[in-house]
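Visitor: The following file, work06.csv, comprises CSV, C-alpha atoms:
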chain,number,residue,atom,x,y,z
A,1,MET,CA,15.1,-15.9,21.6
A,2,VAL,CA,16.8,-19.1,20.8
A,3,PHE,CA,17.1,-18.2,17.1
A,4,ALA,CA,20.3,-17.5,15.3
A,5,LYS,CA,21.4,-13.9,14.3
A,6,ASP,CA,20.0,-12.8,11.0
A,7,TRP,CA,17.6,-15.7,10.8
A,8,PHE,CA,14.3,-14.2,9.7
A,9,ASP,CA,13.1,-12.1,6.8
A,10,ALA,CA,10.2,-10.8,8.9
A,11,VAL,CA,9.0,-10.8,12.6
A,12,THR,CA,5.4,-10.1,13.5
A,13,ALA,CA,3.8,-9.1,16.8
A,14,PHE,CA,0.1,-9.2,16.8
A,15,GLU,CA,-1.5,-7.9,20.1
A,16,THR,CA,1.6,-9.0,22.1
A,17,VAL,CA,3.9,-6.0,22.7
A,18,TYR,CA,1.5,-5.0,25.5
A,19,PHE,CA,3.1,-7.7,27.6
A,20,TRP,CA,6.7,-7.6,26.6
A,21,PRO,CA,9.0,-6.7,29.5
A,22,ASP,CA,11.7,-4.1,28.7
A,23,LEU,CA,10.5,-3.1,25.3
A,24,TYR,CA,13.9,-1.7,24.3
A,25,GLN,CA,15.7,-4.9,25.0
A,26,CYS,CA,13.0,-7.0,23.3
A,27,PHE,CA,13.2,-4.8,20.1
A,28,ARG,CA,17.0,-5.2,20.2
A,29,GLU,CA,16.5,-9.0,20.2
A,30,VAL,CA,14.0,-8.8,17.3
A,31,SER,CA,16.6,-6.8,15.4
A,32,ARG,CA,19.2,-9.4,16.2
A,33,VAL,CA,17.2,-12.3,14.7
A,34,LEU,CA,16.1,-10.3,11.6
A,35,LYS,CA,18.2,-10.4,8.4
A,36,PRO,CA,19.5,-7.0,7.2
A,37,GLY,CA,16.6,-5.4,5.4
A,38,GLY,CA,14.1,-7.5,7.3
A,39,ILE,CA,10.8,-6.2,8.4
A,40,PHE,CA,9.2,-6.0,11.9
A,41,LEU,CA,5.4,-5.6,11.9
A,42,ILE,CA,3.5,-4.7,15.1
A,43,CYS,CA,-0.3,-4.7,15.1
A,44,ASN,CA,-2.4,-3.6,18.1
A,45,ALA,CA,-6.1,-3.0,18.4
A,46,CYS,CA,-5.3,-0.6,21.3
A,47,SER,CA,-3.4,2.5,20.3
A,48,GLY,CA,-3.4,4.4,23.6
A,49,GLU,CA,-5.6,7.2,22.3
A,50,THR,CA,-8.9,6.5,24.0
A,51,GLU,CA,-9.9,6.4,27.6
A,52,GLN,CA,-11.9,3.2,26.9
A,53,GLU,CA,-8.6,1.4,26.5
A,54,ASN,CA,-7.7,2.0,30.1
A,55,LYS,CA,-10.2,-0.7,31.1
A,56,TRP,CA,-7.8,-3.3,29.8
A,57,THR,CA,-4.8,-2.2,31.7
A,58,GLU,CA,-7.0,-2.0,34.9
A,59,LYS,CA,-8.1,-5.7,34.3
A,60,ILE,CA,-4.9,-7.2,33.1
A,61,ASP,CA,-1.8,-7.0,35.3
A,62,GLY,CA,1.4,-6.2,33.4
A,63,MET,CA,-0.3,-4.8,30.3
A,64,THR,CA,1.0,-1.6,28.8
A,65,ILE,CA,-0.7,0.2,25.9
A,66,TYR,CA,1.9,2.0,23.8
A,67,ARG,CA,1.1,5.0,21.6
A,68,ASP,CA,2.3,5.0,18.0
A,69,VAL,CA,5.0,7.6,18.7
A,70,GLN,CA,6.3,5.5,21.7
A,71,LEU,CA,6.7,2.4,19.5
A,72,LYS,CA,8.3,4.4,16.8
A,73,ALA,CA,10.8,5.9,19.3
A,74,TYR,CA,11.7,2.5,20.7
A,75,LEU,CA,12.2,1.2,17.2
A,76,GLU,CA,14.5,4.1,16.2
A,77,GLN,CA,16.4,3.8,19.5
A,78,THR,CA,17.1,0.1,18.7
A,79,GLY,CA,18.4,0.9,15.2
A,80,PHE,CA,15.3,0.2,13.0
A,81,ARG,CA,14.7,2.5,10.0
A,82,LYS,CA,11.9,3.4,7.7
A,83,SER,CA,9.3,3.0,10.3
A,84,GLU,CA,5.7,3.7,9.2
A,85,ILE,CA,2.6,4.1,11.3
A,86,GLN,CA,-0.9,3.3,10.0
A,87,LYS,CA,-4.3,3.4,11.7
A,88,ASN,CA,-7.7,2.4,10.5
A,89,THR,CA,-10.9,4.2,11.3
A,90,LYS,CA,-11.3,2.2,14.6
A,91,GLY,CA,-7.9,3.4,15.7
A,92,TRP,CA,-6.2,0.0,15.3
A,93,LEU,CA,-2.5,0.4,15.0
A,94,CYS,CA,0.0,-1.1,12.6
A,95,VAL,CA,3.7,-0.2,12.7
A,96,THR,CA,6.3,-1.5,10.4
A,97,ALA,CA,10.1,-0.9,10.5
A,98,GLN,CA,13.1,-2.2,8.7
A,99,LYS,CA,16.4,-3.4,10.0
A,100,PRO,CA,19.1,-1.5,8.1
A,101,LEU,CA,21.1,-3.2,5.4
A,102,GLU,CA,24.7,-3.9,6.4
A,103,ASN,CA,26.0,-1.2,4.2
A,104,GLU,CA,23.3,1.4,5.1
A,105,ASP,CA,24.3,4.5,7.1
A,106,LYS,CA,22.7,4.1,10.5
A,107,THR,CA,22.9,7.8,11.5
In structure tokens, how does this file's structure come out?
Guide:
Amino acid sequence: MVFAKDWFDAVTAFETVYFWPDLYQCFREVSRVLKPGGIFLICNACSGETEQENKWTEKIDGMTIYRDVQLKAYLEQTGFRKSEIQKNTKGWLCVTAQKPLENEDKT
């Protein structure tokens, strides 16, 4: 991204992480542009929990549907903390995570 380090208070990704190449590197870049304490919000209608969702990956090249635990693992691997997962009755997925404060223990 062409944005400066520690630029945003929040970054959102609505129905887009399906198409992000190298999710680990992309999440690192989101962390870079977030201010300490900033929030990253991911919302997906597909959560990888039903066979019906496979129709999308069969129709759309380069689409990957991530399960909630996969997204949480990537977030934690890239240094995010306080990740929370929420789903509605339709299985739509919302994941939030926070970039640690500068003085916060990252272990």
Visitor: Using only C-alpha atoms, which residues of range 74-95 of chain A come within 10 Å of range 42-49 of chain A, and what is the closest atom pair for each, with the distance in Å to one decimal? Give it as a Markdown table, sorted by chain and residue number.
Guide:
| residue | atom | partner | partner_atom | distance |
| --- | --- | --- | --- | --- |
| A:Ile85 | CA | A:Ile42 | CA | 9.6 |
| A:Gln86 | CA | A:Cys43 | CA | 9.5 |
| A:Lys87 | CA | A:Ser47 | CA | 8.7 |
| A:Asn88 | CA | A:Ala45 | CA | 9.7 |
| A:Lys90 | CA | A:Ala45 | CA | 8.3 |
| A:Gly91 | CA | A:Ser47 | CA | 6.5 |
| A:Trp92 | CA | A:Ala45 | CA | 4.3 |
| A:Leu93 | CA | A:Asn44 | CA | 5.1 |
| A:Cys94 | CA | A:Cys43 | CA | 4.4 |
| A:Val95 | CA | A:Ile42 | CA | 5.1 |
Visitor: Give me the residues within 7 Å of range 24-32 of chain A as a PDB file with C-alpha atoms, in the coordinates of the input, counting all atoms listed in the file and dropping any in the same chain fewer than 6 places off.
Guide:
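Written out: out24.pdb:
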ATOM      1  CA  LYS A   5      21.400 -13.900  14.300  1.00  0.00           C
ATOM      2  CA  ASP A   6      20.000 -12.800  11.000  1.00  0.00           C
ATOM      3  CA  TYR A  74      11.700   2.500  20.700  1.00  0.00           C
ATOM      4  CA  LEU A  75      12.200   1.200  17.200  1.00  0.00           C
ATOM      5  CA  THR A  78      17.100   0.100  18.700  1.00  0.00           C
ATOM      6  CA  LYS A  99      16.400  -3.400  10.000  1.00  0.00           C
TER       7      LYS A  99
END
Visitor: What is the CA of Leu41 in chain A-CA of Glu102 in chain A distance in Å, reported with one decimal?
Guide: 20.1 Å
Visitor: Which is closest to Glu53 in chain A among A:Thr96, A:Val33, A:Lys82, A:Tyr18, if we use all atoms listed in the file?
Guide: A:Tyr18
Visitor: For Leu71 in chain A, which residue among A:Leu23, A:Gln98, A:Glu51, A:Trp56 is the nearest when counting all atoms listed in the file?
Guide: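 The closest residue to Leu71 in chain A is A:Leu23.
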Visitor: Taking only C-alpha atoms into account, which of A:Trp7, A:Lys55, A:Glu104, A:Val17 comes nearest Arg67 in chain A?
Guide: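 Under the stated criterion, the closest residue is A:Val17.
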Visitor: Between CA of Glu84 in chain A and CA of Ile60 in chain A, what distance in Å does the model show, to one decimal?
Guide: 28.3 Å
Visitor: Please measure the separation of CA of Gly37 in chain A and CA of Val2 in chain A, giving the value in Å to one decimal.
Guide: 20.6 Å
Visitor: Give the answer as one residue: which of A:Val69, A:Ala10, A:Glu76, A:Ala4 has the shortest atom-to-atom distance to Ile39 in chain A, using all atoms listed in the file?
Guide: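 Checking each candidate against Ile39 in chain A, we get A:Ala10 as the closest.
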Visitor: Nearest to Ser83 in chain A: which of A:Glu58, A:Gly38, A:Thr64, A:Thr50 is it, counting all atoms listed in the file?
Guide: A:Gly38
Visitor: Measuring atom to atom with all atoms listed in the file, identify which of A:Phe19, A:Asn103, A:Gly79, A:Phe40 is nearest to Asp61 in chain A.
Guide: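 Ranked by minimum distance to Asp61 in chain A, first place goes to A:Phe19.
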